[in-house]
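See below for run-v7.pdb, which holds PDB, C-alpha atoms.
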ATOM      1  CA  MET A  28      31.516  -7.381   0.564
ATOM      2  CA  LEU A  29      28.297  -7.028   2.607
ATOM      3  CA  VAL A  30      30.127  -5.179   5.379
ATOM      4  CA  ASP A  31      31.549  -2.711   2.862
ATOM      5  CA  PHE A  32      28.092  -2.162   1.380
ATOM      6  CA  VAL A  33      26.595  -1.456   4.815
ATOM      7  CA  ASN A  34      29.400   1.015   5.524
ATOM      8  CA  LEU A  35      28.617   2.762   2.229
ATOM      9  CA  VAL A  36      24.830   3.075   2.542
ATOM     10  CA  ALA A  37      24.490   3.628   6.320
ATOM     11  CA  PRO A  38      25.293   7.396   6.311
ATOM     12  CA  ILE A  39      22.986   7.962   3.333
ATOM     13  CA  ALA A  40      20.156   5.962   4.901
ATOM     14  CA  LEU A  41      20.438   7.814   8.223
ATOM     15  CA  ALA A  42      20.442  11.176   6.436
ATOM     16  CA  VAL A  43      17.289  10.222   4.512
ATOM     17  CA  PHE A  44      15.650   9.068   7.749
ATOM     18  CA  PHE A  45      16.352  12.320   9.615
ATOM     19  CA  VAL A  46      15.208  14.462   6.687
ATOM     20  CA  GLY A  47      11.987  12.448   6.474
ATOM     21  CA  MET A  48      11.400  12.678  10.221
ATOM     22  CA  THR A  49      11.986  16.434  10.164
ATOM     23  CA  LEU A  50       9.432  16.882   7.407
ATOM     24  CA  LYS A  51       6.900  14.589   9.082
ATOM     25  CA  LEU A  52       7.219  16.076  12.552
ATOM     26  CA  GLY A  53       7.457  19.658  11.301
ATOM     27  CA  ARG A  54       3.691  20.148  11.358
ATOM     28  CA  TRP A  55       3.477  18.798  14.910
ATOM     29  CA  PHE A  56       6.370  21.044  16.030
ATOM     30  CA  VAL A  57       4.650  24.112  14.581
ATOM     31  CA  ALA A  58       1.394  23.183  16.331
ATOM     32  CA  VAL A  59       3.135  22.699  19.688
ATOM     33  CA  THR A  60       5.102  25.944  19.502
ATOM     34  CA  THR A  61       2.150  28.054  18.359
ATOM     35  CA  PRO A  62       0.642  29.884  21.389
ATOM     36  CA  ARG A  63      -2.868  28.624  22.149
ATOM     37  CA  ARG A  64      -5.320  29.262  24.974
ATOM     38  CA  TRP A  65      -6.961  26.225  26.581
ATOM     39  CA  ARG A  66     -10.625  27.091  26.991
ATOM     40  CA  GLY A  67     -11.421  24.082  29.156
ATOM     41  CA  LEU A  68     -14.570  21.976  29.070
ATOM     42  CA  THR A  69     -17.826  23.668  28.180
ATOM     43  CA  THR A  70     -20.329  24.008  30.997
ATOM     44  CA  ASP A  71     -23.302  24.460  28.684
ATOM     45  CA  PHE A  72     -23.902  20.779  27.877
ATOM     46  CA  ILE A  73     -26.948  19.117  29.405
ATOM     47  CA  ASP A  74     -25.869  15.841  30.996
ATOM     48  CA  ALA A  75     -22.294  16.332  29.810
ATOM     49  CA  PRO A  76     -20.166  13.155  30.008
ATOM     50  CA  THR A  77     -17.945  12.910  33.064
ATOM     51  CA  PRO A  78     -14.180  13.017  32.475
ATOM     52  CA  MET A  79     -12.454   9.608  32.209
ATOM     53  CA  SER A  80      -9.677   8.450  34.505
ATOM     54  CA  ILE A  81      -6.218   7.707  33.109
ATOM     55  CA  PRO A  82      -6.661   3.871  33.287
ATOM     56  CA  ALA A  83     -10.068   4.096  31.586
ATOM     57  CA  ALA A  84      -8.690   6.395  28.876
ATOM     58  CA  LEU A  85      -5.714   4.101  28.242
ATOM     59  CA  LYS A  86      -8.051   1.124  27.991
ATOM     60  CA  ALA A  87     -10.213   3.006  25.484
ATOM     61  CA  VAL A  88      -7.174   3.890  23.371
ATOM     62  CA  LEU A  89      -5.179   0.642  23.562
ATOM     63  CA  LEU A  90      -7.613  -2.218  24.169
ATOM     64  CA  ASP A  91     -11.047  -1.205  22.937
ATOM     65  CA  PRO A  92     -10.106  -1.009  19.223
ATOM     66  CA  VAL A  93      -8.769  -4.579  19.432
ATOM     67  CA  THR A  94     -11.751  -6.054  21.255
ATOM     68  CA  HIS A  95     -14.433  -3.963  19.519
ATOM     69  CA  PHE A  96     -13.132  -4.133  15.957
ATOM     70  CA  TYR A  97     -10.024  -6.184  15.094
ATOM     71  CA  MET A  98     -10.991  -9.425  16.829
ATOM     72  CA  LYS A  99     -14.548  -9.210  15.506
ATOM     73  CA  ALA A 100     -13.710  -8.114  11.969
ATOM     74  CA  ASN A 101     -10.813 -10.501  11.329
ATOM     75  CA  LYS A 102      -9.603 -12.839  14.064
ATOM     76  CA  THR A 103      -6.401 -13.787  12.212
ATOM     77  CA  TRP A 104      -5.448 -10.150  11.790
ATOM     78  CA  GLY A 105      -6.497  -9.379  15.375
ATOM     79  CA  ARG A 106      -4.286 -12.108  16.849
ATOM     80  CA  GLY A 107      -1.387 -11.055  14.658
ATOM     81  CA  TYR A 108      -1.899  -7.409  15.582
ATOM     82  CA  VAL A 109      -1.669  -8.156  19.312
ATOM     83  CA  LEU A 110       1.279 -10.562  19.119
ATOM     84  CA  TYR A 111       3.243  -8.467  16.663
ATOM     85  CA  HIS A 112       2.840  -5.203  18.573
ATOM     86  CA  MET A 113       3.845  -6.865  21.843
ATOM     87  CA  ALA A 114       7.003  -8.015  20.056
ATOM     88  CA  ILE A 115       7.795  -4.837  18.137
ATOM     89  CA  VAL A 116       7.489  -2.610  21.204
ATOM     90  CA  THR A 117       9.937  -4.861  23.071
ATOM     91  CA  GLU A 118      12.304  -5.004  20.102
ATOM     92  CA  VAL A 119      12.288  -1.248  19.516
ATOM     93  CA  VAL A 120      12.935  -0.625  23.214
ATOM     94  CA  GLY A 121      15.808  -3.125  23.042
ATOM     95  CA  TYR A 122      17.360  -1.457  19.990
ATOM     96  CA  SER A 123      16.958   1.958  21.612
ATOM     97  CA  LEU A 124      18.586   0.796  24.854
ATOM     98  CA  ALA A 125      21.456  -0.740  22.895
ATOM     99  CA  ALA A 126      22.035   2.523  21.005
ATOM    100  CA  LEU A 127      21.844   4.645  24.176
ATOM    101  CA  ILE A 128      24.281   2.375  26.015
ATOM    102  CA  LEU A 129      26.629   2.086  23.048
ATOM    103  CA  ILE A 130      27.217   5.851  22.717
ATOM    104  CA  PRO A 131      28.760   6.401  26.195
ATOM    105  CA  ARG A 132      30.617   3.100  25.899
ATOM    106  CA  ILE A 133      32.274   4.423  22.741
ATOM    107  CA  LEU A 134      33.074   7.757  24.393
ATOM    108  CA  PHE A 135      34.389   6.456  27.719
ATOM    109  CA  ALA A 136      35.243   2.754  27.408
ATOM    110  CA  GLY A 137      37.805   3.220  24.651
ATOM    111  CA  GLY A 138      36.847   0.357  22.390
ATOM    112  CA  VAL A 139      34.082  -1.925  21.155
ATOM    113  CA  PRO A 140      33.876  -5.574  20.109
ATOM    114  CA  ASP A 141      34.574  -6.455  16.494
ATOM    115  CA  VAL A 142      31.516  -8.461  15.496
ATOM    116  CA  GLU A 143      32.899  -9.720  12.189
ATOM    117  CA  ARG A 144      36.121 -11.080  13.706
ATOM    118  CA  HIS A 145      34.521 -12.064  17.052
ATOM    119  CA  LEU A 146      36.966  -9.966  19.078
ATOM    120  CA  GLU A 147      35.927  -8.691  22.502
ATOM    121  CA  HIS A 148      37.971  -5.491  22.166
ATOM    122  CA  SER A 149      38.793  -3.429  19.084
ATOM    123  CA  GLN A 150      38.792   0.087  17.669
ATOM    124  CA  ASN A 151      36.346  -0.823  14.900
ATOM    125  CA  TYR A 152      33.921   2.109  14.856
ATOM    126  CA  SER A 153      32.685   1.495  11.305
ATOM    127  CA  PRO A 154      28.930   1.940  10.672
ATOM    128  CA  ALA A 155      28.557  -1.764   9.871
ATOM    129  CA  ASN A 156      30.122  -2.853  13.162
ATOM    130  CA  LEU A 157      28.109  -0.376  15.233
ATOM    131  CA  LEU A 158      24.865  -1.375  13.493
ATOM    132  CA  ALA A 159      25.696  -5.032  14.133
ATOM    133  CA  MET A 160      26.111  -4.115  17.803
ATOM    134  CA  ILE A 161      22.681  -2.482  17.939
ATOM    135  CA  PHE A 162      20.628  -4.830  15.759
ATOM    136  CA  GLY A 163      22.490  -7.903  16.980
ATOM    137  CA  ASN A 164      22.113  -7.041  20.666
ATOM    138  CA  GLY A 165      20.711 -10.496  21.412
ATOM    139  CA  GLU A 166      23.948 -12.274  20.481
ATOM    140  CA  HIS A 167      26.371 -13.215  23.236
ATOM    141  CA  LEU A 168      29.281 -10.943  22.272
ATOM    142  CA  GLN A 169      27.174  -7.814  21.824
ATOM    143  CA  ALA A 170      24.839  -8.475  24.765
ATOM    144  CA  GLN A 171      27.723  -9.027  27.174
ATOM    145  CA  PHE A 172      29.417  -5.781  26.117
ATOM    146  CA  LEU A 173      26.212  -3.711  26.235
ATOM    147  CA  PHE A 174      24.427  -5.116  29.280
ATOM    148  CA  GLY A 175      27.086  -6.845  31.352
ATOM    149  CA  ASP A 176      25.570  -8.941  34.156
ATOM    150  CA  PHE A 177      22.057  -8.164  32.871
ATOM    151  CA  ALA A 178      22.805  -9.738  29.488
ATOM    152  CA  PRO A 179      21.139 -13.128  30.248
ATOM    153  CA  ILE A 180      17.938 -11.378  31.376
ATOM    154  CA  PHE A 181      17.905  -9.118  28.311
ATOM    155  CA  VAL A 182      18.511 -12.025  25.937
ATOM    156  CA  SER A 183      15.760 -14.108  27.563
ATOM    157  CA  VAL A 184      13.209 -11.293  27.313
ATOM    158  CA  THR A 185      14.082 -10.558  23.702
ATOM    159  CA  TRP A 186      13.865 -14.261  22.822
ATOM    160  CA  VAL A 187      10.233 -14.123  23.907
ATOM    161  CA  ALA A 188       9.792 -11.029  21.745
ATOM    162  CA  VAL A 189      11.341 -12.771  18.723
ATOM    163  CA  ILE A 190       8.992 -15.753  19.096
ATOM    164  CA  LEU A 191       5.991 -13.425  19.382
ATOM    165  CA  ALA A 192       7.253 -11.537  16.328
ATOM    166  CA  VAL A 193       7.424 -14.759  14.303
ATOM    167  CA  LEU A 194       3.879 -15.735  15.248
ATOM    168  CA  GLY A 195       2.420 -12.255  14.898
ATOM    169  CA  ASN A 196       4.055 -11.405  11.593
ATOM    170  CA  MET A 197       3.036 -14.772  10.108
ATOM    171  CA  HIS A 198      -0.605 -13.961  10.947
ATOM    172  CA  LEU A 199      -0.323 -10.509   9.366
ATOM    173  CA  LEU A 200       1.585 -11.720   6.303
ATOM    174  CA  ILE A 201      -0.942 -14.483   5.635
ATOM    175  CA  THR A 202      -3.738 -11.927   5.913
ATOM    176  CA  VAL A 203      -2.080  -9.623   3.368
ATOM    177  CA  LEU A 204      -1.257 -12.470   0.967
ATOM    178  CA  ARG A 205      -4.892 -13.647   1.060
ATOM    179  CA  ARG A 206      -6.100 -10.121   0.209
ATOM    180  CA  ARG A 207      -7.772  -9.807   3.592
ATOM    181  CA  ASN A 208      -6.073  -6.668   4.780
ATOM    182  CA  ALA A 209      -8.825  -4.333   6.093
ATOM    183  CA  ALA A 210     -11.387  -7.102   5.508
ATOM    184  CA  VAL A 211     -14.491  -7.480   7.656
ATOM    185  CA  LEU A 212     -15.212 -11.199   8.027
ATOM    186  CA  GLY A 213     -17.485 -11.174  11.079
ATOM    187  CA  ASP A 214     -20.313  -9.202  12.635
ATOM    188  CA  LEU A 215     -19.094  -6.081  14.407
ATOM    189  CA  ASP A 216     -22.380  -5.378  16.191
ATOM    190  CA  PRO A 217     -26.116  -6.076  15.690
ATOM    191  CA  ALA A 218     -26.477  -3.073  13.385
ATOM    192  CA  ALA A 219     -23.726  -4.422  11.082
ATOM    193  CA  THR A 220     -24.941  -8.036  11.006
ATOM    194  CA  GLY A 221     -24.136  -9.661   7.688
ATOM    195  CA  ILE A 222     -22.025  -6.785   6.359
ATOM    196  CA  ARG A 223     -18.778  -8.060   4.832
ATOM    197  CA  ILE A 224     -15.829  -6.338   3.154
ATOM    198  CA  LYS A 225     -13.463  -8.394   1.019
ATOM    199  CA  GLY A 226     -10.305  -6.499   1.884
ATOM    200  CA  ARG A 227      -7.408  -5.643  -0.378
ATOM    201  CA  ARG A 228      -3.747  -6.305  -1.034
ATOM    202  CA  THR A 229      -1.679  -3.123  -0.902
ATOM    203  CA  TRP A 230       1.872  -3.339  -2.189
ATOM    204  CA  ASP A 231       3.375  -1.111   0.485
ATOM    205  CA  ARG A 232       2.029  -3.340   3.263
ATOM    206  CA  LEU A 233       3.059  -6.492   1.416
ATOM    207  CA  THR A 234       6.580  -5.128   0.887
ATOM    208  CA  VAL A 235       6.933  -4.099   4.533
ATOM    209  CA  ARG A 236       5.540  -7.426   5.767
ATOM    210  CA  ILE A 237       8.025  -9.411   3.656
ATOM    211  CA  LEU A 238      10.852  -7.143   4.787
ATOM    212  CA  ILE A 239       9.920  -7.663   8.440
ATOM    213  CA  PHE A 240       9.622 -11.410   7.803
ATOM    214  CA  CYS A 241      13.230 -11.404   6.533
ATOM    215  CA  ILE A 242      14.398  -9.268   9.464
ATOM    216  CA  ILE A 243      12.892 -11.675  11.994
ATOM    217  CA  TRP A 244      14.376 -14.774  10.398
ATOM    218  CA  THR A 245      17.840 -13.263   9.926
ATOM    219  CA  GLU A 246      17.779 -12.393  13.634
ATOM    220  CA  LEU A 247      16.865 -15.976  14.475
ATOM    221  CA  LEU A 248      19.686 -17.343  12.309
ATOM    222  CA  ALA A 249      22.125 -14.829  13.809
ATOM    223  CA  ARG A 250      21.189 -15.725  17.393
ATOM    224  CA  LEU A 251      21.503 -19.447  16.637
ATOM    225  CA  ASN A 252      24.872 -18.935  14.842
ATOM    226  CA  VAL A 253      23.562 -20.895  11.873
ATOM    227  CA  VAL A 254      24.888 -18.586   9.117
ATOM    228  CA  PRO A 255      28.171 -16.758   9.822
ATOM    229  CA  GLY A 256      27.975 -12.999   9.278
ATOM    230  CA  ILE A 257      24.219 -12.920   8.749
ATOM    231  CA  VAL A 258      23.978 -10.311  11.504
ATOM    232  CA  PHE A 259      25.195  -7.764   8.936
ATOM    233  CA  LEU A 260      22.346  -8.702   6.594
ATOM    234  CA  HIS A 261      20.007  -8.384   9.565
ATOM    235  CA  ALA A 262      21.471  -4.935  10.295
ATOM    236  CA  LEU A 263      21.099  -3.890   6.644
ATOM    237  CA  LEU A 264      17.453  -4.984   6.552
ATOM    238  CA  GLY A 265      16.811  -3.247   9.870
ATOM    239  CA  LEU A 266      18.441  -0.089   8.532
ATOM    240  CA  THR A 267      16.250  -0.301   5.419
ATOM    241  CA  LEU A 268      13.106  -0.545   7.523
ATOM    242  CA  PHE A 269      14.368   2.265   9.742
ATOM    243  CA  THR A 270      14.833   4.478   6.670
ATOM    244  CA  LEU A 271      11.334   3.695   5.383
ATOM    245  CA  PHE A 272       9.651   4.767   8.646
ATOM    246  CA  PRO A 273       8.930   8.391   7.685
ATOM    247  CA  PHE A 274       7.660   7.498   4.204
ATOM    248  CA  THR A 275       5.290   4.567   4.817
ATOM    249  CA  TYR A 276       2.484   3.655   7.177
ATOM    250  CA  LEU A 277       5.219   2.559   9.605
ATOM    251  CA  PHE A 278       5.488   6.189  10.691
ATOM    252  CA  HIS A 279       2.796   5.479  13.268
ATOM    253  CA  ILE A 280       5.409   3.447  15.205
ATOM    254  CA  VAL A 281       7.709   6.454  15.493
ATOM    255  CA  TYR A 282       4.779   8.758  16.220
ATOM    256  CA  ASN A 283       3.059   6.265  18.509
ATOM    257  CA  PHE A 284       4.080   7.800  21.831
ATOM    258  CA  LEU A 285       2.846  11.237  20.790
ATOM    259  CA  ALA A 286      -0.350   9.762  19.386
ATOM    260  CA  LEU A 287      -0.916   7.781  22.587
ATOM    261  CA  PHE A 288      -0.474  10.919  24.703
ATOM    262  CA  TYR A 289      -2.897  13.043  22.681
ATOM    263  CA  ALA A 290      -5.465  10.271  22.207
ATOM    264  CA  THR A 291      -5.480   9.521  25.939
ATOM    265  CA  ARG A 292      -5.832  13.201  26.827
ATOM    266  CA  ARG A 293      -8.732  13.589  24.387
ATOM    267  CA  ARG A 294     -10.446  10.590  25.934
ATOM    268  CA  MET A 295      -9.917  11.902  29.453
ATOM    269  CA  THR A 296     -11.500  15.257  28.612
ATOM    270  CA  ARG A 297     -14.227  13.469  26.643
ATOM    271  CA  THR A 298     -13.335  15.338  23.476
ATOM    272  CA  ILE A 299     -14.156  11.912  22.006
ATOM    273  CA  ALA A 300     -17.464  10.780  23.498
TER
END
As structure tokens, the full file:
Amino acid sequence: MLVDFVNLVAPIALAVFFVGMTLKLGRWFVAVTTPRRWRGLTTDFIDAPTPMSIPAALKAVLLDPVTHFYMKANKTWGRGYVLYHMAIVTEVVGYSLAALILIPRILFAGGVPDVERHLEHSQNYSPANLLAMIFGNGEHLQAQFLFGDFAPIFVSVTWVAVILAVLGNMHLLITVLRRRNAAVLGDLDPAATGIRIKGRRTWDRLTVRILIFCIIWTELLARLNVVPGIVFLHALLGLTLFTLFPFTYLFHIVYNFLALFYATRRRMTRTIA
């Protein structure tokens, strides 16, 4: 029943995702393809700031917001932010690798495992089975097919990511449930001593947090073989989150590499002082 439902909604969900991504990235594409002339740094400033190196710019973009704001404003959120993003980057890379490896395997290997029936070789190219291969890449059958001799290393690394995801998402979920999202609970600097902001509970963040909570725990149960077939529920939840990317604040994950590039370049040229 669940497998049939995943097969039904997967094409629709992917179509919605690609339409949303096209609309979201359309403005960026237009900006990139529009001819512009780089005027360079102005030479008229008195005591103009010196350009930053790449390591210094990366530190300013990636680490300084955490140390200067998140950990001071809300330590629970700050810890969760760090742990969760360490996990999600690893997980997304793992899913991406699984998808990239799966495509040529389908084209040239002439068969894939059947996750539902636990067969090492089959011609089951249904959306549900392929999604179970990608989202269940930490299970023995899928990992062995996708990564071969590197499967134990991949599984070990992603186990660390899953544990970090559990800890990080629990911190973030508790923060949202206590209405402390965007709250300032500590002194940011001497000028802001004593200033506090209660925070708020936004339904989109609460919904996404609960969805991610379910995704993490279904992955744990799938890896431990506690509930048979739960990998398909995990794949369905992952597909749901994947579809929501262009339409929620989660879009920053998809856009993150572009944002990191531009933010680092702006720091290097001291466009941001």
The PyMOL selection byres ((chain A and resi 273-287) around 10) resolved against shown file, as a ChimeraX atom specification: /A:43-52,55,85,88-89,112,115-116,119,231-232,235,268-272,288-293
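On the file presented, the PyMOL selection byres ((chain A and resi 225) around 10) picks out Arg206, Arg207, Asn208, Ala209, Ala210, Val211, Leu212, Arg223, Ile224, Gly226 and Arg227 of chain A.
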Output file for the selection above: C-alpha atoms, as an mmCIF file, in the frame of the given file:
data_model
loop_
_atom_site.group_PDB
_atom_site.id
_atom_site.type_symbol
_atom_site.label_atom_id
_atom_site.label_comp_id
_atom_site.auth_asym_id
_atom_site.auth_seq_id
_atom_site.Cartn_x
_atom_site.Cartn_y
_atom_site.Cartn_z
ATOM 1 C CA ARG A 206 -6.100 -10.121 0.209
ATOM 2 C CA ARG A 207 -7.772 -9.807 3.592
ATOM 3 C CA ASN A 208 -6.073 -6.668 4.780
ATOM 4 C CA ALA A 209 -8.825 -4.333 6.093
ATOM 5 C CA ALA A 210 -11.387 -7.102 5.508
ATOM 6 C CA VAL A 211 -14.491 -7.480 7.656
ATOM 7 C CA LEU A 212 -15.212 -11.199 8.027
ATOM 8 C CA ARG A 223 -18.778 -8.060 4.832
ATOM 9 C CA ILE A 224 -15.829 -6.338 3.154
ATOM 10 C CA GLY A 226 -10.305 -6.499 1.884
ATOM 11 C CA ARG A 227 -7.408 -5.643 -0.378
#
Residue members of the PyMOL selection byres ((chain A and resi 200) around 12) in the file shown, as number ranges by chain: A: 103-104, 107-108, 111, 192-199, 201-208, 228-230, 232-241
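Across the model, the gap from atom CA of A:Pro92 to atom CA of A:Met79 is 16.9 Å.
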7 Å contact set for stretch 30-36 of chain A, only C-alpha atoms, chain neighbours under 5 positions out, as number ranges by chain: A: 153-155, 259, 263
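Closest to A:Ala37 among A:Leu266, A:Ile81, A:Val184, A:Leu247 is A:Leu266, based on only C-alpha atoms.
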Atomic distance atom CA of A:Val109 - atom CA of A:Thr94, expressed in Å with one decimal: 10.5 Å
Interatomic distance (Å, one decimal) between atom CA of A:Val139 and atom CA of A:Phe181: 19.1 Å
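Those residues that approach A:Gly256 to within 12 Å, counting all atoms listed in the file, are Met28, Leu29, Val30, Asp141, Val142, Glu143, Arg144, His145, Ala155, Asn156, Ala159, Gly163, Glu166, Thr245, Glu246, Leu248, Ala249, Arg250, Leu251, Asn252, Val253, Phe259, Leu260, His261, Ala262 and Leu263 of chain A; same-chain residues fewer than 3 positions away are not listed.
Among the candidates A:Val258, A:Arg54, A:Lys86, A:Phe172, the residue lying nearest to A:Ala136 is A:Phe172 (atoms considered: only C-alpha atoms).
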When you write stretch 213-232 of chain A out from the block above, keep N, CA and C atoms and present the result as a compact mmCIF listing (two decimals), in the first residue's frame, please.
# COMPACT_ATOMS: atom_id res chain seq x y z
N GLY A 213 20.68 36.26 25.84
CA GLY A 213 21.93 36.67 26.46
C GLY A 213 22.44 37.96 25.86
N ASP A 214 23.47 38.51 26.47
CA ASP A 214 24.04 39.77 25.99
C ASP A 214 24.90 39.51 24.76
N LEU A 215 24.60 40.24 23.69
CA LEU A 215 25.36 40.09 22.45
C LEU A 215 26.68 40.85 22.51
N ASP A 216 26.66 42.04 23.10
CA ASP A 216 27.85 42.86 23.25
C ASP A 216 27.54 43.91 24.31
N PRO A 217 28.53 44.69 24.75
CA PRO A 217 28.27 45.68 25.81
C PRO A 217 27.16 46.67 25.46
N ALA A 218 27.04 47.03 24.18
CA ALA A 218 26.01 47.99 23.81
C ALA A 218 24.61 47.41 23.92
N ALA A 219 24.48 46.07 23.85
CA ALA A 219 23.17 45.41 23.91
C ALA A 219 22.93 44.73 25.25
N THR A 220 23.66 45.13 26.28
CA THR A 220 23.51 44.52 27.60
C THR A 220 22.08 44.68 28.11
N GLY A 221 21.50 43.57 28.51
CA GLY A 221 20.16 43.60 29.08
C GLY A 221 19.03 43.56 28.08
N ILE A 222 19.32 43.66 26.80
CA ILE A 222 18.27 43.61 25.78
C ILE A 222 17.87 42.16 25.53
N ARG A 223 16.58 41.88 25.63
CA ARG A 223 16.06 40.53 25.45
C ARG A 223 14.89 40.55 24.46
N ILE A 224 14.79 39.49 23.68
CA ILE A 224 13.67 39.30 22.75
C ILE A 224 13.08 37.93 23.03
N LYS A 225 11.77 37.88 23.22
CA LYS A 225 11.12 36.64 23.62
C LYS A 225 11.21 35.54 22.58
N GLY A 226 11.18 35.89 21.32
CA GLY A 226 11.14 34.87 20.28
C GLY A 226 9.71 34.58 19.87
N ARG A 227 9.56 33.64 18.95
CA ARG A 227 8.23 33.34 18.43
C ARG A 227 8.17 31.88 17.97
N ARG A 228 6.95 31.42 17.78
CA ARG A 228 6.75 30.07 17.24
C ARG A 228 6.09 30.23 15.87
N THR A 229 6.82 29.93 14.82
CA THR A 229 6.28 30.02 13.47
C THR A 229 5.89 28.62 13.00
N TRP A 230 4.73 28.51 12.39
CA TRP A 230 4.19 27.20 12.05
C TRP A 230 4.99 26.53 10.94
N ASP A 231 5.57 27.30 10.03
CA ASP A 231 6.36 26.65 8.99
C ASP A 231 7.60 25.98 9.57
N ARG A 232 8.26 26.66 10.50
CA ARG A 232 9.45 26.08 11.13
C ARG A 232 9.08 24.89 12.01
